[in-house]
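J.: Sharing a structure with you now.
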Amino acid sequence: MTRHIHCLLLLLVLAHPTFAQRNLTDIPVPDPEEERKTFQVAEGFEVNLYAADPLLAKPIQMNFDPAGRLWVASSETYPQIEPGKAANDKIIILEDTDEDGRADKTRVFADGLLIPTGIEPGDGGCYVGASTELLHLKDTDGDGKADKTRVLLSGFGTEDTHHIIHTLRWGPDGCLYFNQSIYIHSHIETPYGPRRLNGGGVWQYRPETERLEVYCKGLVNPWGFAFDRWGQTFVTDGAGGEGINYAFPGAVFPTSPGARRVLHGMNPGSPKFCGLEIISGRQLPDDWQDDLITHDFRGHRVCRFKLSEDGSGYSSREMPELIKTSHVAFRPIDVKMGPDGAIYIADWYNPIIQHGEVDFRDPRRDHTHGRIWRVTYKGKPALKRPKLVDASIDDLIEALKSPEMWTRQMAKRVLKERDHDEVDAALALAVAVETNQSPLHSEYWLNLLQTYQTIDKPRQRLAEALLEATDHRMRAASGRTLAGWPAVGRLSYRRYDPLDAMLFDKHPRVRLEGIHALHGKMSAKHIDWVLRVLDSKMDENLDFSLWSLLTNHRANWESAVLSKPETISNVRAILYLTKIIESSELATKLVDRYRNAKLEFDDRVLLTQGIGQAGTAEDIGNWT
């Protein structure tokens, strides 16, 4: 019986995609049309080929620019350069000049690169994740090819080529976000001091100030990162098993070295997912709006998830696939919404994927092919590409009202590269006009605020007003914006400190943002104030964020609490602190303070637990 079980387990292991490819001999003909015919597509959708070899080869990441051109990081060298060969990986720009849904023009913007794993156009060129460096490449002579390379940051780890920095993406705050994975150890010198990230996580970088920070930590191989319409962030893991992860600032996930506490994904037991995009726009069905698209690249599937609000966070439910196939070389790895409202999918196209059990020099590895697929809904026409690059500042601000997140984000990108004083003046006029026309829960208000953030022009009254909006998503988003404003220290709040309103907000996600906002200024004077968040219902995210705040800033408040525990106003709050500092001195003072007090039964139980955990035998005897 035991032998049969062992045999069954072995068969199950060998059936796993990572082992099945060892014995793969049926290599398909690399014809895009033959591949497309194998696709089983969600009802109402259709797929066409946007671009394929020889226009491009081996796409790793892609991002659109405001002109609607698709920039692709391409590597025929991956997973490892052969000794004696010269690196010649490329950044390619694809264009659909006649807007028929197929690329008809391509050019090489940069070559001679070694395994570029991230690409994001911006600031007159493009940002590239390249080995140990974050680069900015620029064309200064107008010939369409980069002739200037600037090293922005260096010191990123390179221990594994599919774990180095990748997944570049602009945020609605004007910062550049990018990921790294578990086998990487990065130590970066910045004007603000060294920044370190050992293992996986997400970086946040503001190019104009050169400020680099860690946004969140953990995960095994996070190759997907996306913002929703309210600025909330989500991550997928190409080597994890928990599906969609809700990633707020300061979140820590499994595998982060030395982490004492971690958060988990919303879909335990899911396969590994690569790439992430959030659906929006008039080209796609109403019941798909705000859904998440990601890739089961081993299972040859393009997957869809639907989010629901759940306390301070979300829950996630997998829906039927957008695309599934048995074609062994279909390897979807990136996904982006396009200017026409369609979904674009980067297909690495390879029967062999990068895992240690298959040799890097395996002749079955494909080094020349690759496709970009375009997915549209048959019931609605494609959208006309927005004309943003040469638009006036007023027209760009008007574009912030677009139903498509793509258009709103690209309008902010163009505004960021215009004269900031002129943009500021136009925004002020737009705010004045909108004040008489739109309720505060309108998304347009948030996009105006985020545009101010993008150009680093703090606007106190607008931030205060949006923190009083009826929609909790607006309050949470404006709180996130306020906390992340590079110039937040220059603000002087006249009516109230907005953190006060956030910590006492009736919605847990706003309270979560309020806790995060304190990370940059936590001191002893805040301790009783922030602990009042315990008066409301807690959940995993809130508890983790409060614990992290108090733990990371313990040196700022511990001595004050030990010397005067009476400054903490209630039992639950001070008991929470005993879990962090576990001080017998504090336990003794708790005995003295509460021994004769008339406490509710539940509070007395909690206090007994705290004294039992942190106190001495004498403390316990005096208490009981």
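All residue names refer to the structure tokens as shown: chains lettered A, B, ... in order, residues numbered from 1 in each chain, ligands numbered from 1 in order.
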Write out as number ranges by chain which residues come within 12 Å of Ile343 (chain A) when counting only C-alpha atoms, dropping same-chain ones fewer than 3 positions away.
T.: A: 45-50, 64, 101, 276-281, 283-284, 288, 292-294, 302, 322-323, 334-340, 346, 372-377, 382, 406
J.: Write to file, as a compact mmCIF listing (two decimals), in the first residue's frame, the residues of the selection just made, with N, CA and C atoms.
T.:
```
# COMPACT_ATOMS: atom_id res chain seq x y z
N PHE A 45 -15.74 37.60 -26.73
CA PHE A 45 -14.44 38.20 -27.00
C PHE A 45 -13.80 37.56 -28.22
N GLU A 46 -12.87 38.28 -28.82
CA GLU A 46 -12.08 37.74 -29.91
C GLU A 46 -10.64 38.20 -29.77
N VAL A 47 -9.73 37.45 -30.40
CA VAL A 47 -8.29 37.70 -30.29
C VAL A 47 -7.71 37.88 -31.68
N ASN A 48 -6.91 38.92 -31.85
CA ASN A 48 -6.15 39.05 -33.09
C ASN A 48 -4.68 39.29 -32.76
N LEU A 49 -3.83 38.98 -33.72
CA LEU A 49 -2.40 39.17 -33.54
C LEU A 49 -2.06 40.63 -33.76
N TYR A 50 -1.50 41.27 -32.72
CA TYR A 50 -1.06 42.67 -32.84
C TYR A 50 0.34 42.74 -33.43
N PHE A 64 2.68 51.09 -22.80
CA PHE A 64 2.34 52.11 -23.79
C PHE A 64 2.86 53.48 -23.36
N GLY A 101 -5.68 47.85 -35.33
CA GLY A 101 -5.50 46.81 -34.32
C GLY A 101 -4.33 45.91 -34.57
N LEU A 276 -0.15 41.66 -14.36
CA LEU A 276 -1.40 42.08 -13.73
C LEU A 276 -1.89 43.37 -14.36
N GLU A 277 -3.18 43.40 -14.65
CA GLU A 277 -3.82 44.62 -15.15
C GLU A 277 -5.24 44.68 -14.63
N ILE A 278 -5.76 45.89 -14.50
CA ILE A 278 -7.12 46.10 -14.02
C ILE A 278 -7.96 46.68 -15.16
N ILE A 279 -9.09 46.06 -15.39
CA ILE A 279 -9.94 46.38 -16.54
C ILE A 279 -10.69 47.69 -16.31
N SER A 280 -10.73 48.53 -17.34
CA SER A 280 -11.61 49.69 -17.31
C SER A 280 -11.86 50.16 -18.73
N GLY A 281 -12.99 50.78 -18.96
CA GLY A 281 -13.23 51.40 -20.25
C GLY A 281 -14.44 50.90 -20.98
N GLN A 283 -14.87 49.88 -24.03
CA GLN A 283 -14.79 48.82 -25.03
C GLN A 283 -15.17 47.46 -24.44
N LEU A 284 -15.07 47.33 -23.12
CA LEU A 284 -15.27 46.04 -22.47
C LEU A 284 -16.60 46.02 -21.71
N TRP A 288 -17.26 43.40 -16.43
CA TRP A 288 -15.82 43.17 -16.36
C TRP A 288 -15.08 44.36 -15.76
N LEU A 292 -9.54 41.98 -12.42
CA LEU A 292 -8.10 41.85 -12.57
C LEU A 292 -7.79 40.73 -13.57
N ILE A 293 -6.85 41.01 -14.48
CA ILE A 293 -6.39 40.03 -15.46
C ILE A 293 -4.94 39.68 -15.15
N THR A 294 -4.65 38.39 -15.07
CA THR A 294 -3.29 37.92 -14.82
C THR A 294 -3.10 36.61 -15.58
N VAL A 302 -5.01 32.78 -19.48
CA VAL A 302 -5.16 34.17 -19.09
C VAL A 302 -6.36 34.23 -18.16
N LEU A 322 -10.18 34.27 -19.47
CA LEU A 322 -10.30 35.05 -20.69
C LEU A 322 -9.81 34.22 -21.88
N ILE A 323 -8.67 33.53 -21.70
CA ILE A 323 -8.13 32.65 -22.73
C ILE A 323 -7.58 31.40 -22.05
N ASP A 334 2.80 39.24 -19.62
CA ASP A 334 2.47 40.63 -19.28
C ASP A 334 1.15 40.98 -19.94
N VAL A 335 0.46 41.96 -19.33
CA VAL A 335 -0.84 42.37 -19.85
C VAL A 335 -1.04 43.85 -19.57
N LYS A 336 -1.55 44.58 -20.56
CA LYS A 336 -1.80 46.00 -20.40
C LYS A 336 -3.07 46.38 -21.16
N MET A 337 -3.83 47.33 -20.61
CA MET A 337 -4.89 47.97 -21.36
C MET A 337 -4.25 48.90 -22.39
N GLY A 338 -4.88 48.99 -23.56
CA GLY A 338 -4.34 49.82 -24.62
C GLY A 338 -5.16 51.08 -24.86
N PRO A 339 -4.66 51.97 -25.72
CA PRO A 339 -5.35 53.24 -25.99
C PRO A 339 -6.69 53.08 -26.67
N ASP A 340 -6.92 51.92 -27.30
CA ASP A 340 -8.18 51.66 -27.99
C ASP A 340 -9.17 50.90 -27.11
N ALA A 346 1.35 40.06 -23.73
CA ALA A 346 2.68 39.68 -24.21
C ALA A 346 2.86 38.18 -24.02
N ILE A 372 2.51 39.59 -29.48
CA ILE A 372 1.62 40.45 -28.71
C ILE A 372 0.21 40.19 -29.24
N TRP A 373 -0.68 39.72 -28.37
CA TRP A 373 -2.07 39.46 -28.75
C TRP A 373 -2.94 40.61 -28.30
N ARG A 374 -3.99 40.86 -29.06
CA ARG A 374 -4.95 41.93 -28.76
C ARG A 374 -6.33 41.31 -28.59
N VAL A 375 -6.95 41.59 -27.44
CA VAL A 375 -8.25 41.00 -27.11
C VAL A 375 -9.30 42.10 -27.06
N THR A 376 -10.38 41.93 -27.79
CA THR A 376 -11.47 42.92 -27.83
C THR A 376 -12.81 42.23 -27.60
N TYR A 377 -13.78 43.05 -27.23
CA TYR A 377 -15.15 42.56 -27.06
C TYR A 377 -15.91 42.81 -28.35
N ALA A 382 -13.97 49.39 -31.18
CA ALA A 382 -12.73 49.88 -30.57
C ALA A 382 -12.81 51.39 -30.40
N TRP A 406 -6.64 54.21 -18.60
CA TRP A 406 -5.48 54.42 -19.48
C TRP A 406 -5.37 55.90 -19.85
```
J.: Residues within 7 Å of Ala103 (chain A), please, as a PyMOL selection string. Count only C-alpha atoms; anything in the same chain fewer than 3 positions from it doesn't count.
T.: chain A and resi 50-51+94-96
J.: Could you dump the residues just selected with all heavy atoms as a short mmCIF file (atom, residue, chain, number, x, y, z; two decimals), in the first residue's frame?
T.:
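After the write, selection_32.cif holds the following:
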```cif
data_model
loop_
_atom_site.label_atom_id
_atom_site.label_comp_id
_atom_site.auth_asym_id
_atom_site.auth_seq_id
_atom_site.Cartn_x
_atom_site.Cartn_y
_atom_site.Cartn_z
N TYR A 50 -1.50 41.27 -32.72
CA TYR A 50 -1.06 42.67 -32.84
C TYR A 50 0.34 42.74 -33.43
O TYR A 50 0.61 43.57 -34.31
CB TYR A 50 -1.10 43.34 -31.47
CG TYR A 50 -0.64 44.79 -31.49
CD1 TYR A 50 -1.47 45.78 -31.98
CD2 TYR A 50 0.62 45.15 -31.02
CE1 TYR A 50 -1.06 47.11 -32.02
CE2 TYR A 50 1.04 46.47 -31.04
CZ TYR A 50 0.20 47.44 -31.54
OH TYR A 50 0.62 48.76 -31.57
N ALA A 51 1.24 41.89 -32.99
CA ALA A 51 2.61 41.88 -33.51
C ALA A 51 3.26 40.54 -33.20
O ALA A 51 2.92 39.88 -32.21
CB ALA A 51 3.43 43.01 -32.90
N LEU A 94 6.67 49.52 -31.01
CA LEU A 94 5.69 49.07 -32.00
C LEU A 94 4.61 50.13 -32.17
O LEU A 94 4.15 50.72 -31.18
CB LEU A 94 5.04 47.76 -31.55
CG LEU A 94 5.97 46.55 -31.38
CD1 LEU A 94 5.22 45.42 -30.69
CD2 LEU A 94 6.52 46.09 -32.72
N GLU A 95 4.20 50.35 -33.41
CA GLU A 95 3.15 51.35 -33.68
C GLU A 95 2.09 50.76 -34.60
O GLU A 95 2.39 50.01 -35.53
CB GLU A 95 3.74 52.59 -34.34
CG GLU A 95 4.67 53.40 -33.47
CD GLU A 95 5.09 54.69 -34.15
OE1 GLU A 95 4.20 55.54 -34.43
OE2 GLU A 95 6.29 54.86 -34.43
N ASP A 96 0.86 51.14 -34.33
CA ASP A 96 -0.28 50.84 -35.19
C ASP A 96 -0.70 52.16 -35.82
O ASP A 96 -1.55 52.87 -35.29
CB ASP A 96 -1.41 50.22 -34.35
CG ASP A 96 -2.69 50.01 -35.14
OD1 ASP A 96 -2.66 50.13 -36.37
OD2 ASP A 96 -3.73 49.76 -34.50
#
```
J.: For CA of Thr190 (chain A) and CA of Lys217 (chain A), determine how far apart the two atoms are, in Å to one decimal place.
T.: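 So the answer is 19.1 Å.
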J.: Using backbone DSSP assignments, extract all strand (DSSP E) residues from region 55-288 of chain A; output them as a ChimeraX atom specification.
T.: /A:59-64,70-74,89-95,105-113,116-122,125-130,133-138,148-154,166-170,176-180,185-188,195-198,201-206,211-217,224-227,233-236,245-246,274-278
J.: Show me, as a list in words, the residues that have an atom within 6 Å of Ser316 (chain A) when counting only C-alpha atoms, minus same-chain residues fewer than 5 positions from it.
T.: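 The contact residues come out as Met266, Lys306 and Leu307 of chain A.
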J.: With only C-alpha atoms as the counted atoms, please give the residues lying no more than 10 Å from Lys37 (chain A), apart from itself and same-chain residues fewer than 3 positions off, as a PyMOL selection string.
T.: chain A and resi 32-34+40+47+325+327
J.: Next, write the just-selected residues to a file, as a PDB file, in the first residue's frame, keeping all heavy atoms as the atom set.
T.:
```
ATOM      1  N   PRO A  32       1.997  31.885 -35.662  1.00  0.00           N
ATOM      2  CA  PRO A  32       1.036  32.583 -34.791  1.00  0.00           C
ATOM      3  C   PRO A  32      -0.415  32.213 -35.060  1.00  0.00           C
ATOM      4  O   PRO A  32      -1.210  32.083 -34.125  1.00  0.00           O
ATOM      5  CB  PRO A  32       1.291  34.063 -35.098  1.00  0.00           C
ATOM      6  CG  PRO A  32       2.695  34.117 -35.591  1.00  0.00           C
ATOM      7  CD  PRO A  32       2.904  32.832 -36.339  1.00  0.00           C
ATOM      8  N   GLU A  33      -0.766  32.034 -36.321  1.00  0.00           N
ATOM      9  CA  GLU A  33      -2.161  31.715 -36.634  1.00  0.00           C
ATOM     10  C   GLU A  33      -2.539  30.323 -36.132  1.00  0.00           C
ATOM     11  O   GLU A  33      -3.647  30.123 -35.626  1.00  0.00           O
ATOM     12  CB  GLU A  33      -2.408  31.826 -38.131  1.00  0.00           C
ATOM     13  CG  GLU A  33      -3.841  31.517 -38.562  1.00  0.00           C
ATOM     14  CD  GLU A  33      -4.889  32.403 -37.899  1.00  0.00           C
ATOM     15  OE1 GLU A  33      -4.540  33.506 -37.403  1.00  0.00           O
ATOM     16  OE2 GLU A  33      -6.067  31.990 -37.849  1.00  0.00           O
ATOM     17  N   GLU A  34      -1.619  29.378 -36.249  1.00  0.00           N
ATOM     18  CA  GLU A  34      -1.887  28.044 -35.722  1.00  0.00           C
ATOM     19  C   GLU A  34      -2.047  28.091 -34.197  1.00  0.00           C
ATOM     20  O   GLU A  34      -2.866  27.381 -33.625  1.00  0.00           O
ATOM     21  CB  GLU A  34      -0.767  27.088 -36.109  1.00  0.00           C
ATOM     22  CG  GLU A  34      -0.712  26.766 -37.592  1.00  0.00           C
ATOM     23  CD  GLU A  34      -2.013  26.155 -38.095  1.00  0.00           C
ATOM     24  OE1 GLU A  34      -2.515  25.223 -37.429  1.00  0.00           O
ATOM     25  OE2 GLU A  34      -2.533  26.610 -39.131  1.00  0.00           O
ATOM     26  N   GLN A  40      -9.191  29.068 -26.599  1.00  0.00           N
ATOM     27  CA  GLN A  40     -10.587  29.078 -26.178  1.00  0.00           C
ATOM     28  C   GLN A  40     -10.813  30.413 -25.462  1.00  0.00           C
ATOM     29  O   GLN A  40     -10.236  30.655 -24.408  1.00  0.00           O
ATOM     30  CB  GLN A  40     -10.880  27.905 -25.248  1.00  0.00           C
ATOM     31  CG  GLN A  40     -10.641  26.550 -25.885  1.00  0.00           C
ATOM     32  CD  GLN A  40     -10.872  25.416 -24.911  1.00  0.00           C
ATOM     33  OE1 GLN A  40     -11.921  25.337 -24.269  1.00  0.00           O
ATOM     34  NE2 GLN A  40      -9.892  24.535 -24.794  1.00  0.00           N
ATOM     35  N   VAL A  47      -9.731  37.445 -30.395  1.00  0.00           N
ATOM     36  CA  VAL A  47      -8.291  37.704 -30.287  1.00  0.00           C
ATOM     37  C   VAL A  47      -7.715  37.882 -31.679  1.00  0.00           C
ATOM     38  O   VAL A  47      -8.007  37.091 -32.589  1.00  0.00           O
ATOM     39  CB  VAL A  47      -7.568  36.534 -29.583  1.00  0.00           C
ATOM     40  CG1 VAL A  47      -6.063  36.815 -29.496  1.00  0.00           C
ATOM     41  CG2 VAL A  47      -8.145  36.293 -28.197  1.00  0.00           C
ATOM     42  N   THR A 325      -5.715  27.440 -23.401  1.00  0.00           N
ATOM     43  CA  THR A 325      -5.291  26.657 -24.552  1.00  0.00           C
ATOM     44  C   THR A 325      -4.431  25.497 -24.076  1.00  0.00           C
ATOM     45  O   THR A 325      -3.883  25.523 -22.963  1.00  0.00           O
ATOM     46  CB  THR A 325      -4.485  27.529 -25.545  1.00  0.00           C
ATOM     47  OG1 THR A 325      -4.043  26.719 -26.636  1.00  0.00           O
ATOM     48  CG2 THR A 325      -3.269  28.143 -24.884  1.00  0.00           C
ATOM     49  N   HIS A 327      -1.886  24.726 -26.088  1.00  0.00           N
ATOM     50  CA  HIS A 327      -0.670  24.998 -26.861  1.00  0.00           C
ATOM     51  C   HIS A 327       0.505  25.180 -25.890  1.00  0.00           C
ATOM     52  O   HIS A 327       0.526  26.111 -25.089  1.00  0.00           O
ATOM     53  CB  HIS A 327      -0.857  26.254 -27.705  1.00  0.00           C
ATOM     54  CG  HIS A 327       0.168  26.431 -28.783  1.00  0.00           C
ATOM     55  ND1 HIS A 327       1.477  26.751 -28.534  1.00  0.00           N
ATOM     56  CD2 HIS A 327       0.055  26.319 -30.135  1.00  0.00           C
ATOM     57  CE1 HIS A 327       2.132  26.841 -29.683  1.00  0.00           C
ATOM     58  NE2 HIS A 327       1.290  26.575 -30.665  1.00  0.00           N
TER      59      HIS A 327
END
```
J.: Which polymer residues have any atom within 12 Å of an atom of Gly155 (chain A), counting only C-alpha atoms, with same-chain residues fewer than 3 positions away left out, as a PDB file with N, CA, C and O atoms, in the first residue's frame?
T.:
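File produced: selection.pdb:
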```pdb
ATOM      1  N   GLY A 129      14.951  48.619 -16.554  1.00  0.00           N
ATOM      2  CA  GLY A 129      15.591  47.798 -15.533  1.00  0.00           C
ATOM      3  C   GLY A 129      16.599  46.898 -16.218  1.00  0.00           C
ATOM      4  O   GLY A 129      16.235  46.069 -17.054  1.00  0.00           O
ATOM      5  N   ALA A 130      17.886  47.091 -15.890  1.00  0.00           N
ATOM      6  CA  ALA A 130      18.944  46.372 -16.595  1.00  0.00           C
ATOM      7  C   ALA A 130      19.989  45.894 -15.593  1.00  0.00           C
ATOM      8  O   ALA A 130      20.853  46.672 -15.176  1.00  0.00           O
ATOM      9  N   SER A 131      19.861  44.641 -15.203  1.00  0.00           N
ATOM     10  CA  SER A 131      20.843  44.028 -14.313  1.00  0.00           C
ATOM     11  C   SER A 131      20.924  44.793 -12.997  1.00  0.00           C
ATOM     12  O   SER A 131      19.924  44.943 -12.296  1.00  0.00           O
ATOM     13  N   THR A 132      22.108  45.293 -12.651  1.00  0.00           N
ATOM     14  CA  THR A 132      22.293  45.980 -11.369  1.00  0.00           C
ATOM     15  C   THR A 132      21.798  47.416 -11.395  1.00  0.00           C
ATOM     16  O   THR A 132      21.851  48.094 -10.371  1.00  0.00           O
ATOM     17  N   GLU A 133      21.283  47.893 -12.538  1.00  0.00           N
ATOM     18  CA  GLU A 133      21.030  49.324 -12.704  1.00  0.00           C
ATOM     19  C   GLU A 133      19.601  49.633 -13.152  1.00  0.00           C
ATOM     20  O   GLU A 133      18.960  48.848 -13.856  1.00  0.00           O
ATOM     21  N   LEU A 134      19.146  50.811 -12.751  1.00  0.00           N
ATOM     22  CA  LEU A 134      17.965  51.424 -13.349  1.00  0.00           C
ATOM     23  C   LEU A 134      18.477  52.539 -14.256  1.00  0.00           C
ATOM     24  O   LEU A 134      19.165  53.462 -13.797  1.00  0.00           O
ATOM     25  N   VAL A 151      22.693  56.411 -15.814  1.00  0.00           N
ATOM     26  CA  VAL A 151      22.492  55.457 -14.728  1.00  0.00           C
ATOM     27  C   VAL A 151      21.856  56.216 -13.560  1.00  0.00           C
ATOM     28  O   VAL A 151      22.494  57.072 -12.949  1.00  0.00           O
ATOM     29  N   LEU A 152      20.590  55.897 -13.257  1.00  0.00           N
ATOM     30  CA  LEU A 152      19.868  56.587 -12.190  1.00  0.00           C
ATOM     31  C   LEU A 152      20.178  55.971 -10.828  1.00  0.00           C
ATOM     32  O   LEU A 152      20.381  56.689  -9.847  1.00  0.00           O
ATOM     33  N   THR A 158      21.842  40.716  -8.590  1.00  0.00           N
ATOM     34  CA  THR A 158      21.724  39.988  -9.862  1.00  0.00           C
ATOM     35  C   THR A 158      21.897  38.485  -9.674  1.00  0.00           C
ATOM     36  O   THR A 158      22.368  37.791 -10.572  1.00  0.00           O
ATOM     37  N   GLU A 159      21.517  37.974  -8.518  1.00  0.00           N
ATOM     38  CA  GLU A 159      21.765  36.567  -8.246  1.00  0.00           C
ATOM     39  C   GLU A 159      20.990  35.618  -9.155  1.00  0.00           C
ATOM     40  O   GLU A 159      21.378  34.473  -9.321  1.00  0.00           O
ATOM     41  N   ILE A 164      15.784  39.642 -10.971  1.00  0.00           N
ATOM     42  CA  ILE A 164      16.313  41.010 -10.918  1.00  0.00           C
ATOM     43  C   ILE A 164      15.181  42.019 -11.147  1.00  0.00           C
ATOM     44  O   ILE A 164      14.065  41.647 -11.477  1.00  0.00           O
ATOM     45  N   ILE A 165      15.460  43.308 -10.961  1.00  0.00           N
ATOM     46  CA  ILE A 165      14.388  44.314 -10.977  1.00  0.00           C
ATOM     47  C   ILE A 165      13.608  44.259 -12.292  1.00  0.00           C
ATOM     48  O   ILE A 165      14.175  44.091 -13.370  1.00  0.00           O
ATOM     49  N   ILE A 184      17.365  38.075  -4.502  1.00  0.00           N
ATOM     50  CA  ILE A 184      18.060  39.324  -4.812  1.00  0.00           C
ATOM     51  C   ILE A 184      18.355  40.075  -3.513  1.00  0.00           C
ATOM     52  O   ILE A 184      17.502  40.164  -2.628  1.00  0.00           O
ATOM     53  N   HIS A 185      19.555  40.637  -3.442  1.00  0.00           N
ATOM     54  CA  HIS A 185      19.965  41.463  -2.300  1.00  0.00           C
ATOM     55  C   HIS A 185      20.446  42.805  -2.856  1.00  0.00           C
ATOM     56  O   HIS A 185      21.498  42.866  -3.503  1.00  0.00           O
ATOM     57  N   SER A 186      19.670  43.850  -2.630  1.00  0.00           N
ATOM     58  CA  SER A 186      19.965  45.162  -3.214  1.00  0.00           C
ATOM     59  C   SER A 186      20.388  46.148  -2.137  1.00  0.00           C
ATOM     60  O   SER A 186      19.747  46.233  -1.083  1.00  0.00           O
ATOM     61  N   HIS A 187      21.448  46.886  -2.429  1.00  0.00           N
ATOM     62  CA  HIS A 187      21.978  47.898  -1.518  1.00  0.00           C
ATOM     63  C   HIS A 187      22.281  49.135  -2.366  1.00  0.00           C
ATOM     64  O   HIS A 187      23.261  49.170  -3.108  1.00  0.00           O
ATOM     65  N   ILE A 188      21.425  50.138  -2.259  1.00  0.00           N
ATOM     66  CA  ILE A 188      21.445  51.271  -3.175  1.00  0.00           C
ATOM     67  C   ILE A 188      21.860  52.538  -2.435  1.00  0.00           C
ATOM     68  O   ILE A 188      21.257  52.894  -1.406  1.00  0.00           O
ATOM     69  N   GLU A 189      22.849  53.246  -2.962  1.00  0.00           N
ATOM     70  CA  GLU A 189      23.199  54.557  -2.434  1.00  0.00           C
ATOM     71  C   GLU A 189      22.297  55.599  -3.076  1.00  0.00           C
ATOM     72  O   GLU A 189      22.165  55.652  -4.303  1.00  0.00           O
ATOM     73  N   THR A 190      21.660  56.425  -2.250  1.00  0.00           N
ATOM     74  CA  THR A 190      20.794  57.487  -2.747  1.00  0.00           C
ATOM     75  C   THR A 190      21.148  58.792  -2.047  1.00  0.00           C
ATOM     76  O   THR A 190      21.841  58.781  -1.023  1.00  0.00           O
ATOM     77  N   PRO A 194      21.499  55.158   2.204  1.00  0.00           N
ATOM     78  CA  PRO A 194      21.366  53.854   1.558  1.00  0.00           C
ATOM     79  C   PRO A 194      19.961  53.280   1.731  1.00  0.00           C
ATOM     80  O   PRO A 194      19.319  53.477   2.760  1.00  0.00           O
ATOM     81  N   ARG A 195      19.514  52.582   0.707  1.00  0.00           N
ATOM     82  CA  ARG A 195      18.250  51.870   0.749  1.00  0.00           C
ATOM     83  C   ARG A 195      18.526  50.401   0.447  1.00  0.00           C
ATOM     84  O   ARG A 195      19.249  50.083  -0.494  1.00  0.00           O
ATOM     85  N   ARG A 196      17.935  49.522   1.251  1.00  0.00           N
ATOM     86  CA  ARG A 196      18.228  48.097   1.128  1.00  0.00           C
ATOM     87  C   ARG A 196      16.929  47.294   1.018  1.00  0.00           C
ATOM     88  O   ARG A 196      15.935  47.612   1.664  1.00  0.00           O
ATOM     89  N   LEU A 197      16.999  46.267   0.203  1.00  0.00           N
ATOM     90  CA  LEU A 197      15.890  45.318   0.110  1.00  0.00           C
ATOM     91  C   LEU A 197      16.478  43.948  -0.172  1.00  0.00           C
ATOM     92  O   LEU A 197      17.006  43.682  -1.256  1.00  0.00           O
ATOM     93  N   ASN A 198      16.410  43.094   0.830  1.00  0.00           N
ATOM     94  CA  ASN A 198      16.852  41.711   0.680  1.00  0.00           C
ATOM     95  C   ASN A 198      15.626  40.842   0.448  1.00  0.00           C
ATOM     96  O   ASN A 198      14.699  40.835   1.248  1.00  0.00           O
TER      97      ASN A 198
END
```
J.: Would you kindly return, as a list in words, each protein, DNA or RNA residue with an atom no farther than 12 Å from any atom of Ser583 (chain A), considering only C-alpha atoms and excluding same-chain residues fewer than 6 positions away?
T.: Glu558, Ser559, Val561, Leu562, Ser563, Pro565, Ile574, Leu575, Leu577, Lys589, Leu590, Gly610, Ile611, Gly612, Gln613, Ala614, Gly615, Thr616 and Asp619 of chain A
J.: If we count only C-alpha atoms, what is near region 109-124 of chain A at a cut-off of 7 Å, once residues fewer than 3 positions away on the same chain are taken out, given as an MDAnalysis selection string?
T.: chainID A and resid 60:63 65 72:75 77:78 87:93 127:130 138 144:146 165:169 417
J.: Rank nothing, just name the residue among A:Pro351, A:Gly379, A:Gly193, A:Gly258 nearest to Pro363 (chain A), using only C-alpha atoms.
T.: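 Using only C-alpha atoms, the shortest distance to Pro363 (chain A) belongs to A:Pro351.
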J.: Taking only region 549-619 of chain A into account, list the residues labelled alpha helix (DSSP H) by DSSP (computed from the backbone), as a PyMOL selection string.
T.: chain A and resi 549-552+554-563+571-581+584-594+601-614+617-619
J.: Nearest to Leu512 (chain A): which of A:Lys579, A:His441, A:Arg475, A:Lys525 is it, counting only C-alpha atoms?
T.: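 Of A:Lys579, A:His441, A:Arg475, A:Lys525, the one nearest Leu512 (chain A) is A:Arg475, counting only C-alpha atoms.
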J.: By how many Å are CA of Ser536 (chain A) and CA of Phe504 (chain A) apart?
T.: 8.1 Å
J.: Between A:Lys412, A:Cys216, A:Glu582, A:Asp160, which is the closest to Phe178 (chain A) once you count only C-alpha atoms?
T.: A:Cys216
